Structure formats: C-alpha cells, structure tokens
>>> print(open('data-v5.cif').read())   # mmCIF, C-alpha atoms
data_protein
loop_
_atom_site.label_atom_id
_atom_site.label_comp_id
_atom_site.auth_asym_id
_atom_site.auth_seq_id
_atom_site.Cartn_x
_atom_site.Cartn_y
_atom_site.Cartn_z
CA MET W 30 26.92 -68.76 25.93
CA SER W 31 26.37 -70.36 29.34
CA THR W 32 23.13 -70.01 31.29
CA ARG W 33 24.95 -67.95 33.92
CA SER W 34 26.31 -65.58 31.22
CA ARG W 35 22.82 -65.10 29.73
CA ILE W 36 21.43 -64.29 33.17
CA HIS W 37 24.20 -61.76 33.77
CA GLN W 38 23.58 -60.17 30.34
CA SER W 39 19.83 -59.89 31.00
CA ILE W 40 20.45 -58.26 34.36
CA PHE W 41 22.87 -55.80 32.70
CA LEU W 42 20.40 -54.87 29.92
CA PHE W 43 17.57 -54.43 32.42
CA ALA W 44 19.75 -52.12 34.50
CA ILE W 45 20.67 -50.01 31.46
CA SER W 46 17.04 -49.69 30.32
CA SER W 47 15.95 -48.75 33.82
CA LEU W 48 18.65 -46.09 33.98
CA LEU W 49 17.58 -44.62 30.61
CA ALA W 50 13.97 -44.49 31.71
CA ALA W 51 14.93 -42.74 34.94
CA CYS W 52 16.89 -40.14 32.92
CA GLY W 53 14.00 -39.51 30.56
CA GLY W 54 15.25 -41.80 27.79
CA GLY W 55 11.81 -43.32 27.41
CA SER W 56 9.92 -39.98 27.32
CA SER W 57 9.50 -40.04 23.51
CA ASP W 58 6.67 -42.57 23.91
CA THR W 59 5.03 -40.83 26.85
CA ALA W 60 1.77 -39.08 25.98
CA TYR W 61 1.58 -35.41 26.94
CA THR W 62 -0.57 -32.31 26.46
CA LEU W 63 0.70 -29.57 24.11
CA GLY W 64 -0.33 -25.93 24.39
CA GLY W 65 0.74 -22.36 25.01
CA THR W 66 -0.29 -18.72 24.91
CA VAL W 67 -1.70 -16.43 22.19
CA SER W 68 -1.42 -12.65 21.99
CA GLY W 69 -2.90 -10.06 19.64
CA LEU W 70 -5.40 -12.35 17.88
CA THR W 71 -8.37 -10.18 16.90
CA THR W 72 -9.78 -12.04 13.89
CA SER W 73 -10.85 -15.58 13.05
CA GLY W 74 -9.19 -18.17 10.85
CA LEU W 75 -6.01 -19.05 12.75
CA VAL W 76 -5.14 -22.75 12.51
CA LEU W 77 -2.13 -24.25 14.30
CA ALA W 78 -0.56 -27.59 13.44
CA ASN W 79 1.73 -30.14 15.04
CA SER W 80 2.54 -33.06 12.76
CA THR W 81 -0.89 -34.36 11.65
CA SER W 82 -2.82 -32.62 14.45
CA THR W 83 -4.50 -29.27 13.77
CA LEU W 84 -6.26 -26.77 16.00
CA ALA W 85 -8.52 -23.85 15.05
CA VAL W 86 -8.00 -20.93 17.45
CA ALA W 87 -10.89 -18.53 18.03
CA SER W 88 -10.63 -14.75 17.74
CA GLY W 89 -9.64 -13.19 21.05
CA ALA W 90 -8.12 -16.39 22.44
CA THR W 91 -5.24 -15.97 24.88
CA SER W 92 -4.22 -19.62 25.10
CA PHE W 93 -4.48 -22.88 23.16
CA THR W 94 -4.28 -26.60 23.86
CA PHE W 95 -4.30 -29.36 21.26
CA SER W 96 -7.05 -31.88 21.98
CA ASP W 97 -4.89 -34.77 20.80
CA GLN W 98 -2.39 -36.28 23.21
CA MET W 99 1.11 -35.96 21.75
CA THR W 100 4.10 -38.29 21.84
CA GLY W 101 7.67 -37.63 20.85
CA ASP W 102 9.06 -34.27 19.77
CA TYR W 103 6.79 -31.36 18.81
CA ALA W 104 7.01 -28.57 16.22
CA VAL W 105 4.08 -26.17 16.26
CA THR W 106 3.50 -24.20 13.05
CA VAL W 107 0.91 -21.74 11.76
CA SER W 108 -1.01 -23.79 9.21
CA THR W 109 -3.47 -21.02 8.26
CA GLN W 110 -3.12 -17.31 9.01
CA PRO W 111 -6.13 -15.44 10.45
CA ASP W 112 -8.00 -12.86 8.37
CA GLY W 113 -5.99 -9.65 8.03
CA GLN W 114 -3.29 -10.73 10.47
CA THR W 115 0.04 -12.51 10.58
CA CYS W 116 0.87 -14.85 13.45
CA VAL W 117 4.28 -16.28 14.37
CA ALA W 118 4.93 -19.23 16.69
CA THR W 119 8.01 -19.08 18.93
CA ASN W 120 9.41 -21.58 21.45
CA ALA W 121 7.63 -23.87 19.03
CA THR W 122 9.89 -26.94 19.02
CA GLY W 123 11.08 -29.31 21.69
CA SER W 124 10.85 -32.73 23.30
CA GLY W 125 7.72 -33.92 24.99
CA GLY W 126 7.22 -36.35 27.83
CA SER W 127 5.33 -33.95 30.10
CA THR W 128 2.80 -31.15 29.70
CA VAL W 129 4.04 -28.31 27.43
CA THR W 130 2.69 -24.77 27.89
CA SER W 131 5.68 -22.73 26.69
CA VAL W 132 4.75 -22.27 23.01
CA THR W 133 3.87 -18.64 22.24
CA VAL W 134 1.88 -17.38 19.24
CA ASN W 135 2.10 -13.64 18.59
CA CYS W 136 -0.29 -12.06 16.09
CA ARG W 137 -0.16 -8.64 14.46
CA SER W 138 -2.64 -6.78 12.28
CA TYR W 139 -1.69 -5.64 8.81
CA ALA W 140 -0.35 -2.12 8.35
CA ALA W 141 0.56 -0.33 5.11
CA PHE W 142 3.30 2.23 4.51
CA THR W 143 4.09 4.49 1.54
CA SER W 144 7.20 6.50 0.69
CA ASN W 145 6.03 10.05 -0.07
CA LEU W 146 8.82 11.34 -2.29
CA THR W 147 7.91 15.01 -2.63
CA GLY W 148 6.08 15.08 0.70
CA VAL W 149 9.33 14.09 2.46
CA SER W 150 7.45 11.69 4.69
CA LEU W 151 6.23 8.15 5.20
CA ALA W 152 2.51 7.43 5.40
CA GLN W 153 1.35 4.88 7.95
CA LEU W 154 -2.09 3.33 7.49
CA SER W 155 -4.15 0.65 9.18
CA VAL W 156 -5.71 -2.12 7.09
CA GLY W 157 -9.41 -2.69 7.73
CA SER W 158 -11.35 -5.95 7.61
CA THR W 159 -12.29 -5.37 3.94
CA GLY W 160 -8.82 -4.19 2.92
CA THR W 161 -9.59 -0.48 3.06
CA LEU W 162 -6.95 1.82 4.51
CA THR W 163 -7.29 4.33 7.34
CA ALA W 164 -4.63 6.83 8.38
CA GLN W 165 -3.01 6.13 11.71
CA SER W 166 -2.34 8.89 14.22
CA PRO W 167 -0.10 10.56 13.28
CA ALA W 168 -0.82 9.93 9.60
CA THR W 169 2.79 10.46 8.53
CA VAL W 170 6.32 10.32 9.83
CA SER W 171 8.62 13.07 8.54
CA THR W 172 11.94 12.17 6.93
CA SER W 173 15.10 14.23 6.49
CA TYR W 174 15.33 13.46 2.76
CA SER W 175 13.00 12.51 -0.12
CA PRO W 176 12.10 8.82 0.38
CA SER W 177 12.11 6.81 -2.84
CA SER W 178 11.37 3.35 -1.48
CA ILE W 179 10.22 1.57 1.67
CA SER W 180 10.42 -2.13 2.47
CA THR W 181 9.38 -4.06 5.58
CA SER W 182 11.07 -7.17 6.96
CA ALA W 183 9.29 -10.51 6.74
CA ASN W 184 9.14 -10.72 10.53
CA GLY W 185 7.21 -7.43 10.56
CA LYS W 186 9.55 -5.74 13.04
CA TYR W 187 11.46 -3.25 10.91
CA ALA W 188 11.14 -0.92 7.92
CA TYR W 189 13.98 0.35 5.76
CA VAL W 190 13.88 3.44 3.53
CA SER W 191 16.07 4.63 0.66
CA PHE W 192 16.21 8.24 -0.52
CA GLN W 193 16.39 9.94 -3.89
CA ASP W 194 18.64 12.72 -2.63
CA SER W 195 20.80 11.07 0.01
CA SER W 196 22.92 7.96 0.51
CA ALA W 197 21.33 7.51 3.95
CA ILE W 198 19.22 4.43 4.71
CA GLY W 199 16.42 5.07 7.17
CA ILE W 200 15.77 2.39 9.80
CA TYR W 201 12.47 2.19 11.68
CA THR W 202 10.90 -0.12 14.20
CA ILE W 203 7.28 -1.13 13.65
CA SER W 204 4.94 -1.40 16.62
CA GLY W 205 3.67 -4.95 17.02
CA THR W 206 0.28 -3.67 18.14
CA THR W 207 -0.46 -0.47 16.19
CA GLY W 208 1.95 -0.80 13.27
CA ALA W 209 3.29 2.71 13.93
CA LEU W 210 6.82 3.61 12.79
CA THR W 211 9.54 4.86 15.12
CA ALA W 212 12.87 6.10 13.76
CA LEU W 213 15.69 3.93 15.07
CA THR W 214 18.88 5.10 13.37
CA THR W 215 20.35 5.34 9.89
CA GLY W 216 22.75 3.44 7.68
CA THR W 217 24.80 4.69 4.75
CA ALA W 218 24.88 3.35 1.20
CA ARG W 219 27.26 4.22 -1.66
CA SER W 220 24.84 6.71 -3.25
CA ALA W 221 21.23 7.81 -3.36
CA GLY W 222 18.99 5.13 -4.78
CA TYR W 223 15.57 3.68 -5.47
CA GLY W 224 15.60 0.00 -4.60
CA LEU W 225 16.13 -2.12 -1.52
CA ALA W 226 15.38 -5.73 -0.69
CA ILE W 227 15.39 -7.74 2.52
CA SER W 228 16.24 -11.45 2.68
CA PRO W 229 13.34 -13.79 3.54
CA ASP W 230 14.87 -14.59 6.93
CA SER W 231 15.16 -10.84 7.75
CA LYS W 232 18.93 -11.17 8.27
CA TYR W 233 20.28 -9.18 5.30
CA LEU W 234 19.52 -5.96 3.43
CA TYR W 235 20.60 -5.14 -0.12
CA VAL W 236 20.42 -1.61 -1.57
CA SER W 237 20.82 -0.61 -5.23
CA ASN W 238 23.07 2.44 -5.55
CA TYR W 239 21.66 4.32 -8.54
CA GLY W 240 24.52 6.78 -8.80
CA ASP W 241 27.33 4.32 -8.10
CA SER W 242 26.56 1.23 -10.25
CA SER W 243 26.76 -0.99 -7.20
CA VAL W 244 24.75 -2.84 -4.55
CA SER W 245 25.42 -2.20 -0.86
CA GLN W 246 25.02 -5.18 1.45
CA TYR W 247 24.34 -5.28 5.19
CA THR W 248 23.61 -7.68 8.00
CA ILE W 249 20.54 -6.83 10.09
CA GLY W 250 21.12 -7.05 13.83
CA SER W 251 18.68 -8.21 16.50
CA THR W 252 17.62 -4.58 17.05
CA GLY W 253 17.18 -3.87 13.33
CA ALA W 254 20.43 -1.89 13.06
CA LEU W 255 22.56 -2.34 9.92
CA THR W 256 26.19 -3.42 9.76
CA ALA W 257 28.01 -3.18 6.44
CA MET W 258 29.49 -6.50 5.35
CA SER W 259 33.27 -6.80 5.06
CA THR W 260 32.82 -6.24 1.34
CA SER W 261 30.42 -3.34 1.67
CA ALA W 262 29.26 -3.30 -1.96
CA VAL W 263 29.43 -5.33 -5.17
CA ALA W 264 29.42 -4.07 -8.75
CA ALA W 265 26.18 -3.72 -10.72
CA GLY W 266 25.22 -2.27 -14.11
CA VAL W 267 24.62 1.39 -14.91
CA ASN W 268 21.95 3.09 -12.78
CA PRO W 269 20.68 0.04 -10.86
CA TYR W 270 17.04 0.57 -9.88
CA GLY W 271 14.83 -2.30 -8.71
CA ILE W 272 16.27 -5.19 -6.68
CA ALA W 273 14.78 -8.49 -5.48
CA VAL W 274 15.86 -11.48 -3.40
CA SER W 275 14.53 -14.88 -4.44
CA PRO W 276 12.10 -16.27 -1.81
CA ASP W 277 14.40 -19.24 -1.21
CA GLY W 278 17.11 -16.72 -0.24
CA LEU W 279 19.67 -18.08 -2.69
CA TYR W 280 19.88 -15.33 -5.33
CA VAL W 281 19.59 -11.57 -5.85
CA TYR W 282 18.64 -9.84 -9.10
CA VAL W 283 18.97 -6.13 -10.01
CA ALA W 284 17.42 -4.16 -12.90
CA ASN W 285 20.06 -1.85 -14.39
CA SER W 286 17.93 0.85 -15.96
CA SER W 287 20.54 2.53 -18.18
CA SER W 288 22.53 -0.51 -19.33
CA ASN W 289 19.43 -2.57 -20.13
CA THR W 290 20.66 -5.55 -18.15
CA ILE W 291 19.87 -7.61 -15.08
CA SER W 292 22.68 -8.30 -12.63
CA GLN W 293 22.55 -11.75 -11.04
CA TYR W 294 24.21 -12.84 -7.80
CA ALA W 295 24.47 -15.85 -5.54
CA VAL W 296 23.92 -15.31 -1.81
CA GLY W 297 26.61 -16.83 0.41
CA THR W 298 26.13 -18.39 3.83
CA SER W 299 26.95 -15.05 5.47
CA GLY W 300 24.62 -13.15 3.12
CA ALA W 301 27.41 -11.74 0.95
CA LEU W 302 26.76 -11.51 -2.79
CA THR W 303 28.92 -13.07 -5.49
CA ALA W 304 28.32 -12.24 -9.14
CA LEU W 305 27.28 -15.21 -11.25
CA SER W 306 28.93 -15.98 -14.58
CA PRO W 307 27.84 -14.22 -16.67
CA ALA W 308 27.32 -11.34 -14.24
CA THR W 309 24.51 -9.77 -16.29
CA VAL W 310 21.75 -10.75 -18.70
CA SER W 311 20.51 -8.39 -21.42
CA VAL W 312 16.84 -7.44 -21.77
CA THR W 313 17.20 -5.91 -25.24
CA ALA W 314 15.52 -8.89 -26.89
CA SER W 315 12.35 -7.59 -25.25
CA GLY W 316 12.96 -3.85 -24.96
CA THR W 317 14.67 -1.19 -22.89
CA GLY W 318 14.41 0.68 -19.62
CA PRO W 319 14.28 -2.06 -16.96
CA VAL W 320 12.97 -0.49 -13.79
CA ASN W 321 11.48 -2.89 -11.26
CA ILE W 322 11.88 -6.60 -10.75
CA ALA W 323 10.06 -9.45 -8.96
CA VAL W 324 10.72 -13.14 -8.29
CA ASP W 325 7.83 -15.61 -8.01
CA PRO W 326 7.25 -17.47 -4.70
CA SER W 327 8.66 -20.74 -6.10
CA SER W 328 11.96 -18.98 -6.95
CA LYS W 329 11.69 -20.30 -10.51
CA TYR W 330 10.84 -17.16 -12.49
CA VAL W 331 11.81 -13.47 -12.71
CA TYR W 332 9.78 -10.60 -14.19
CA VAL W 333 11.08 -7.11 -15.08
CA THR W 334 9.12 -4.01 -16.10
CA LEU W 335 10.55 -2.27 -19.19
CA ALA W 336 9.41 1.32 -18.77
CA THR W 337 10.37 2.64 -22.21
CA SER W 338 9.03 -0.35 -24.17
CA ALA W 339 5.64 -1.05 -22.52
CA LYS W 340 6.66 -4.64 -21.78
CA VAL W 341 7.33 -7.09 -18.97
CA ALA W 342 10.32 -9.32 -19.67
CA GLN W 343 10.04 -12.87 -18.31
CA PHE W 344 12.85 -15.26 -17.38
CA SER W 345 13.28 -18.68 -15.84
CA ILE W 346 15.82 -19.27 -13.06
CA GLY W 347 18.07 -22.14 -14.04
CA SER W 348 20.75 -24.16 -12.34
CA GLY W 349 22.89 -21.99 -10.12
CA GLY W 350 20.53 -19.03 -10.40
CA LEU W 351 21.27 -18.10 -14.02
CA LEU W 352 18.44 -16.41 -15.92
CA THR W 353 17.17 -17.60 -19.30
CA ALA W 354 14.57 -15.70 -21.32
CA LEU W 355 11.28 -17.52 -21.73
CA SER W 356 9.46 -17.79 -25.06
CA PRO W 357 7.93 -15.35 -25.67
CA THR W 358 10.55 -13.17 -24.01
CA SER W 359 7.98 -10.58 -22.90
CA VAL W 360 4.33 -9.57 -22.77
CA SER W 361 2.74 -6.19 -23.42
CA THR W 362 1.67 -3.78 -20.67
CA GLY W 363 0.09 -0.35 -20.59
CA THR W 364 2.11 2.83 -21.10
CA THR W 365 5.26 3.28 -18.99
CA PRO W 366 5.07 0.20 -16.75
CA HIS W 367 6.68 0.83 -13.40
CA GLY W 368 5.87 -1.23 -10.28
CA ILE W 369 5.34 -4.99 -10.26
CA ALA W 370 3.99 -7.42 -7.66
CA ILE W 371 3.27 -11.14 -7.62
CA SER W 372 0.45 -12.63 -5.55
CA PRO W 373 1.79 -14.64 -2.59
CA GLY W 374 0.31 -17.81 -4.07
CA GLY W 375 2.29 -17.25 -7.28
CA ARG W 376 -0.74 -17.28 -9.58
CA TYR W 377 -1.03 -13.63 -10.65
CA VAL W 378 1.12 -10.63 -11.56
CA TYR W 379 0.13 -6.95 -11.34
CA VAL W 380 1.93 -4.07 -13.08
CA THR W 381 1.31 -0.33 -12.63
CA ASN W 382 1.25 1.70 -15.86
CA ALA W 383 2.24 5.25 -14.93
CA GLY W 384 1.53 6.61 -18.40
CA ASP W 385 -2.11 5.56 -18.78
CA ASN W 386 -3.38 5.27 -15.20
CA THR W 387 -4.01 1.52 -15.17
CA VAL W 388 -2.85 -1.74 -13.62
CA SER W 389 -2.18 -4.64 -15.98
CA GLN W 390 -3.16 -8.02 -14.58
CA TYR W 391 -1.90 -11.44 -15.65
CA SER W 392 -2.18 -15.10 -14.76
CA ILE W 393 0.95 -17.28 -14.56
CA SER W 394 1.25 -20.70 -16.20
CA SER W 395 4.63 -22.47 -16.28
CA GLY W 396 6.17 -19.08 -15.62
CA LYS W 397 4.59 -17.40 -18.62
CA LEU W 398 2.26 -14.43 -18.25
CA THR W 399 -1.14 -14.24 -19.92
CA ALA W 400 -3.29 -11.10 -19.71
CA LEU W 401 -6.57 -11.67 -17.89
CA PRO W 402 -9.80 -11.24 -19.93
CA THR W 403 -10.02 -7.76 -18.44
CA ALA W 404 -6.43 -6.82 -19.18
CA THR W 405 -6.31 -3.63 -17.10
CA VAL W 406 -8.16 -1.87 -14.29
CA ALA W 407 -8.25 1.86 -13.58
CA THR W 408 -6.10 3.57 -10.95
CA GLY W 409 -5.62 7.13 -9.81
CA SER W 410 -3.27 9.48 -11.63
CA ASN W 411 0.29 8.31 -12.36
CA PRO W 412 0.36 4.95 -10.50
CA ARG W 413 3.83 3.95 -9.33
CA GLY W 414 4.11 1.33 -6.60
CA VAL W 415 2.13 -1.87 -6.12
CA GLY W 416 2.12 -4.34 -3.24
CA THR W 417 0.02 -7.11 -1.73
CA SER W 418 -1.01 -8.00 1.78
CA PRO W 419 0.91 -10.99 3.19
CA ASP W 420 -2.03 -13.35 2.58
CA GLY W 421 -2.77 -12.00 -0.91
CA SER W 422 -6.27 -10.85 0.03
CA TYR W 423 -5.57 -7.23 -0.95
CA VAL W 424 -3.56 -5.33 -3.55
CA TYR W 425 -2.48 -1.70 -3.11
CA VAL W 426 -1.38 0.88 -5.69
CA THR W 427 0.18 4.30 -5.00
CA ASN W 428 -1.03 7.16 -7.19
CA TYR W 429 1.86 9.63 -7.43
CA THR W 430 0.01 12.70 -8.74
CA ASP W 431 -3.11 12.18 -6.60
CA ALA W 432 -1.19 11.54 -3.37
CA THR W 433 -3.42 8.53 -2.74
CA VAL W 434 -3.27 4.74 -2.48
CA THR W 435 -6.04 2.60 -3.98
CA SER W 436 -7.12 -0.70 -2.40
CA TYR W 437 -8.22 -3.70 -4.48
CA THR W 438 -9.44 -7.21 -3.79
CA PRO W 439 -8.51 -9.96 -6.26
CA GLY W 440 -11.36 -12.24 -7.30
CA SER W 441 -11.18 -15.99 -7.80
CA SER W 442 -9.64 -15.43 -11.24
CA GLY W 443 -7.17 -12.83 -9.95
CA ALA W 444 -9.03 -9.86 -11.42
CA LEU W 445 -8.92 -6.74 -9.25
CA THR W 446 -11.90 -4.84 -7.89
CA SER W 447 -11.38 -1.44 -6.26
CA VAL W 448 -12.64 -1.19 -2.68
CA GLY W 449 -11.56 2.37 -1.93
CA THR W 450 -8.90 5.05 -2.09
CA ALA W 451 -7.14 6.70 0.86
CA SER W 452 -4.98 9.79 1.12
CA THR W 453 -1.29 9.30 1.84
CA THR W 454 -1.28 12.73 3.58
CA GLY W 455 1.95 13.40 1.73
CA ALA W 456 2.71 14.26 -1.89
CA GLY W 457 4.27 11.94 -4.44
CA PRO W 458 3.80 8.43 -3.01
CA THR W 459 6.09 6.01 -4.82
CA THR W 460 6.27 2.57 -3.19
CA VAL W 461 3.90 0.73 -0.84
CA SER W 462 4.74 -2.03 1.61
CA VAL W 463 2.32 -4.07 3.74
CA ARG W 464 3.38 -6.07 6.76
#
>>> encode(input="data-v5.cif", output="structure tokens")
Amino acid sequence: MSTRSRIHQSIFLFAISSLLAACGGGSSDTAYTLGGTVSGLTTSGLVLANSTSTLAVASGATSFTFSDQMTGDYAVTVSTQPDGQTCVATNATGSGGSTVTSVTVNCRSYAAFTSNLTGVSLAQLSVGSTGTLTAQSPATVSTSYSPSSISTSANGKYAYVSFQDSSAIGIYTISGTTGALTALTTGTARSAGYGLAISPDSKYLYVSNYGDSSVSQYTIGSTGALTAMSTSAVAAGVNPYGIAVSPDGLYVYVANSSSNTISQYAVGTSGALTALSPATVSVTASGTGPVNIAVDPSSKYVYVTLATSAKVAQFSIGSGGLLTALSPTSVSTGTTPHGIAISPGGRYVYVTNAGDNTVSQYSISSGKLTALPTATVATGSNPRGVGTSPDGSYVYVTNYTDATVTSYTPGSSGALTSVGTASTTGAGPTTVSVR
C-alpha cells in the first residue's frame, strides 16, 4: 500500500471513530452515576446490586445512588430483600454513558390471606415484624360461594380463589400498600375445585377441576383478568385436587385424589399444557389418597401428601419433566396429611396432619426427606393449609375447626416454634397464602 493510500485510510478511520463517538458509540466506557427512587421501604436489610457493586438501602429511604462509578450497561437487581417485605426493581436495565436516575424500587409489606370455606369469606391479615398476624380492617372479604383455595401471584398484585360449590374463579387485586383485597371480576372453570397454581412469571393460571377430571388454563392479563386459552382445559385423572407449577416454569403436576396418580405436563411457550408420555405416574407404591403437591425451588423434586396412608411420596424430576420415585418412595407423616409447603431455600418441608393436630417437619438432602429430631409440632384443631412467607422467615398453618391460623418461626435447623395464633374471623379456613 502506498504512503498516500495509508494516509487516506487513517483519515477515513479517524472520521468514522469520531462519528461513532459523536453518536454515543463510545459511551460504554464513559463513567456515570447510577441511582433511582425507592417507595414503601419500612424495614432494614434491603441490598441492591449492579454487577459486582452492592448498596445497602436504609429503612425509610426514598432514593438511592451507588457510590461506585459505573461503565457500560447496567442491570439493577434486589440482592437481599428487607425484613418482612418484598421489593421489585423496575426500569432496571439500560445503557449508561450519563447519569441514571430512572430505576425504581417498589417495596411492599407481607400480607396473609386464608380461604374460609364455611365462613364464605377470605381473611386478610397483616404480618408483623415477628411474624405474628393482625386482622386488617375489614378483617374479611365476603365471597359468593365457599372458597376452597386462595393463591397470590408472585408479583404480589393479584389473588385468585377457587370454590367448593361453584365453577367460578374469584379474581382480586391486592393493595400495594395495605395488602387489602378488592374484587375485580370472575373467571369460569370446568367445575368446582380445590387447587390452583400461578406460573412463576405471573402470566398463567392453572385450575384443577375436581368434578371434571381436567385442568383449566388461562392467561393472566395486565389487569389480572383471566382469558381462557384456545384449548381451555386438558385432561387429568379422577378428582384432581392439588396442583403445582415447577419454579422454573417448565412443568405442571396434579395430584389425582381418586385415581391415585399424578398427572404431568409440559408448559409451552404460550403457557398451554401438553401431557407428557406417560401422562400419569402412580403413587400406589407408597400409598393412596394423593391430595396436595409441591415442587422444590430447584425444580428437581416433587412431594405429594397421601391422606389415606399417612405418607409423603417423593419423586425426582427427570429429563423432560418425567417423575421417578425416589428410594425410599415415601416417608411417614402424622394422621391424615393434607397441606404441604417447602421453605423458599429448599432445605425443609412442612406437612399438616389434620387427623392428629400436628405439623410434620423434615430436612431435604438430595431430594430425600428426613424427619427432624422433633418430628412434629402442635397446631390448633384440624390443621389444613400451610404456607411460608416469601423470605422463609415465617410459616403459617390454618386450623379448620378452630377458625384460626398459627404463626411459626423456623430455627437454624428448620424446626418450628409457635409465635402466636390469630383468628381468621371466618369459619373453616383451608388454605393460606402470603405475598
């Protein structure tokens, strides 16, 4: 190449680089300040992160700014949730190059809800700093039918209710500040039922139709309203009861209480379910009467309460979502096991025993359950539902005959200690959900 050609090439490259810089092409290396606003933060413990930078945000803060100067793109996440609250970062990603103040962090306090079957109402309770529950005002929201189950979306915005005596599906908004319920509208399933499950991304709802041997499937709109999918329901076993979505959102499992099987489905890109092959797995190697079902946070294991056999069946999730019984296939519980919950960290399992007024408690190792040294703790009369707070700091149990809900704190070994009992202000509480 001639000297004149090299000079012309250098001039051309310089012009291109200057043009890119003028258009912001060089902004990825420009240091900038990253921050935003905070709302609703009333407790301590919130930690935000961007790449390797972290920032502790004080209780009551209304804004935040990372002390480190940033370069390149940003992606703000909640590294640690504050005590008794859940915070969500929005407008959290983008390109830097200049000061950023548009990230918003919205925090909400925990609230608990129970489905009061014979009270024909939903209880709404505030969660205190020690996990104890206090009735909101009003303490209950009346329903048109007998609510059998309540579940709240992961984003904390909506609650969905199934009914023992109606195919209706209740839809409620949840106040971001008080946690109070407001009836929005209703959906319609194939039959009355007991179980419902919401996808981890809060986009889909699945409802087990006890009287129809099927599962209804819906998309959840931006306002919380339900729209039946083009295939409104898929086949299940006889009298489907509990239902769960794997935390990775890939699979759905249903406990068929009268056929002693578990239905297993893959979740498509649009949320629609497709039965796996085989479509069901038997639980008879462990017992009978599958009622409720839970999937561990790693989406590797499934646990099912067997109400008529005093057992919890345990399975691994294999390639493609297929279930395989572990060895041993089950562990013993108290009398008439009903509800089941797994700690958010995936280390412990809790099972309500409706027949002997206890909660069984287990540790998890390689998916297998082992009873804790203190195998059970006392509850109120006829415990049914069990749920945990989002951070796992508290465990709640509904006592059907007492019309109460008992609060527990798990110790370092997972063992529960009761910290109080609150009235549900409505008879026959079945399930409990905390958002």
>>> residues_around(input="data-v5.cif", residues="segment 293-306 of chain W", least_positions_apart="3", cutoff="9 Å", atoms="all atoms listed in the file", output="PDB file with C-alpha atoms, in the coordinates of the input")
ATOM      1  CA  SER W 228      16.240 -11.450   2.680  1.00  0.00           C
ATOM      2  CA  LYS W 232      18.930 -11.170   8.270  1.00  0.00           C
ATOM      3  CA  TYR W 233      20.280  -9.180   5.300  1.00  0.00           C
ATOM      4  CA  LEU W 234      19.520  -5.960   3.430  1.00  0.00           C
ATOM      5  CA  GLN W 246      25.020  -5.180   1.450  1.00  0.00           C
ATOM      6  CA  TYR W 247      24.340  -5.280   5.190  1.00  0.00           C
ATOM      7  CA  THR W 248      23.610  -7.680   8.000  1.00  0.00           C
ATOM      8  CA  MET W 258      29.490  -6.500   5.350  1.00  0.00           C
ATOM      9  CA  SER W 259      33.270  -6.800   5.060  1.00  0.00           C
ATOM     10  CA  THR W 260      32.820  -6.240   1.340  1.00  0.00           C
ATOM     11  CA  SER W 261      30.420  -3.340   1.670  1.00  0.00           C
ATOM     12  CA  ALA W 262      29.260  -3.300  -1.960  1.00  0.00           C
ATOM     13  CA  VAL W 263      29.430  -5.330  -5.170  1.00  0.00           C
ATOM     14  CA  ALA W 264      29.420  -4.070  -8.750  1.00  0.00           C
ATOM     15  CA  ALA W 265      26.180  -3.720 -10.720  1.00  0.00           C
ATOM     16  CA  GLY W 278      17.110 -16.720  -0.240  1.00  0.00           C
ATOM     17  CA  LEU W 279      19.670 -18.080  -2.690  1.00  0.00           C
ATOM     18  CA  TYR W 280      19.880 -15.330  -5.330  1.00  0.00           C
ATOM     19  CA  VAL W 281      19.590 -11.570  -5.850  1.00  0.00           C
ATOM     20  CA  TYR W 282      18.640  -9.840  -9.100  1.00  0.00           C
ATOM     21  CA  VAL W 283      18.970  -6.130 -10.010  1.00  0.00           C
ATOM     22  CA  THR W 309      24.510  -9.770 -16.290  1.00  0.00           C
ATOM     23  CA  VAL W 310      21.750 -10.750 -18.700  1.00  0.00           C
ATOM     24  CA  GLY W 349      22.890 -21.990 -10.120  1.00  0.00           C
ATOM     25  CA  GLY W 350      20.530 -19.030 -10.400  1.00  0.00           C
ATOM     26  CA  LEU W 351      21.270 -18.100 -14.020  1.00  0.00           C
ATOM     27  CA  LEU W 352      18.440 -16.410 -15.920  1.00  0.00           C
TER      28      LEU W 352
END
>>> residues_around(input="data-v5.cif", residues="Ala164 of chain W", least_positions_apart="3", cutoff="7 Å", atoms="only C-alpha atoms", output="list of chain:residue names")
W:Gln153, W:Leu154, W:Ser155, W:Ala168
>>> closest_residue(input="data-v5.cif", among="W:Val324, W:Val388, W:Ile291, W:Val107", to="Val274 of chain W", atoms="only C-alpha atoms")
W:Val324
>>> residues_around(input="data-v5.cif", residues="Ser191 of chain W", least_positions_apart="6", cutoff="6 Å", atoms="all atoms listed in the file", output="ChimeraX atom specification")
/W:176-178,198
>>> closest_residue(input="data-v5.cif", among="W:Leu355, W:Ile227, W:Ala254, W:Ala141", to="Val424 of chain W", atoms="only C-alpha atoms")
W:Ala141
>>> atom_distance(input="data-v5.cif", atom1="atom CA of Ala336 of chain W", atom2="atom CA of Ser311 of chain W")
15.0 Å
>>> resolve_selection(input="data-v5.cif", expression="the PyMOL selection byres ((chain W and resi 147) around 10)", output="PyMOL selection string")
chain W and resi 144-146+148-150+174-177+193+429+432+455-459
>>> residues_around(input="data-v5.cif", residues="segment 63-70 of chain W", least_positions_apart="5", cutoff="10 Å", atoms="all atoms listed in the file", output="compact mmCIF listing (two decimals) with C-alpha atoms, keeping the file's coordinate frame")
# COMPACT_ATOMS: atom_id res chain seq x y z
CA LEU W 75 -6.01 -19.05 12.75
CA ASN W 79 1.73 -30.14 15.04
CA VAL W 86 -8.00 -20.93 17.45
CA ALA W 87 -10.89 -18.53 18.03
CA SER W 88 -10.63 -14.75 17.74
CA GLY W 89 -9.64 -13.19 21.05
CA ALA W 90 -8.12 -16.39 22.44
CA THR W 91 -5.24 -15.97 24.88
CA SER W 92 -4.22 -19.62 25.10
CA PHE W 93 -4.48 -22.88 23.16
CA THR W 94 -4.28 -26.60 23.86
CA PHE W 95 -4.30 -29.36 21.26
CA SER W 96 -7.05 -31.88 21.98
CA ASP W 97 -4.89 -34.77 20.80
CA GLN W 98 -2.39 -36.28 23.21
CA MET W 99 1.11 -35.96 21.75
CA THR W 100 4.10 -38.29 21.84
CA TYR W 103 6.79 -31.36 18.81
CA VAL W 105 4.08 -26.17 16.26
CA PRO W 111 -6.13 -15.44 10.45
CA ASP W 112 -8.00 -12.86 8.37
CA GLN W 114 -3.29 -10.73 10.47
CA THR W 115 0.04 -12.51 10.58
CA CYS W 116 0.87 -14.85 13.45
CA VAL W 117 4.28 -16.28 14.37
CA ALA W 118 4.93 -19.23 16.69
CA ASN W 120 9.41 -21.58 21.45
CA ALA W 121 7.63 -23.87 19.03
CA GLY W 125 7.72 -33.92 24.99
CA SER W 127 5.33 -33.95 30.10
CA THR W 128 2.80 -31.15 29.70
CA VAL W 129 4.04 -28.31 27.43
CA THR W 130 2.69 -24.77 27.89
CA SER W 131 5.68 -22.73 26.69
CA VAL W 132 4.75 -22.27 23.01
CA THR W 133 3.87 -18.64 22.24
CA VAL W 134 1.88 -17.38 19.24
CA ASN W 135 2.10 -13.64 18.59
CA CYS W 136 -0.29 -12.06 16.09
CA ARG W 137 -0.16 -8.64 14.46
CA SER W 138 -2.64 -6.78 12.28
CA GLY W 205 3.67 -4.95 17.02
CA THR W 206 0.28 -3.67 18.14
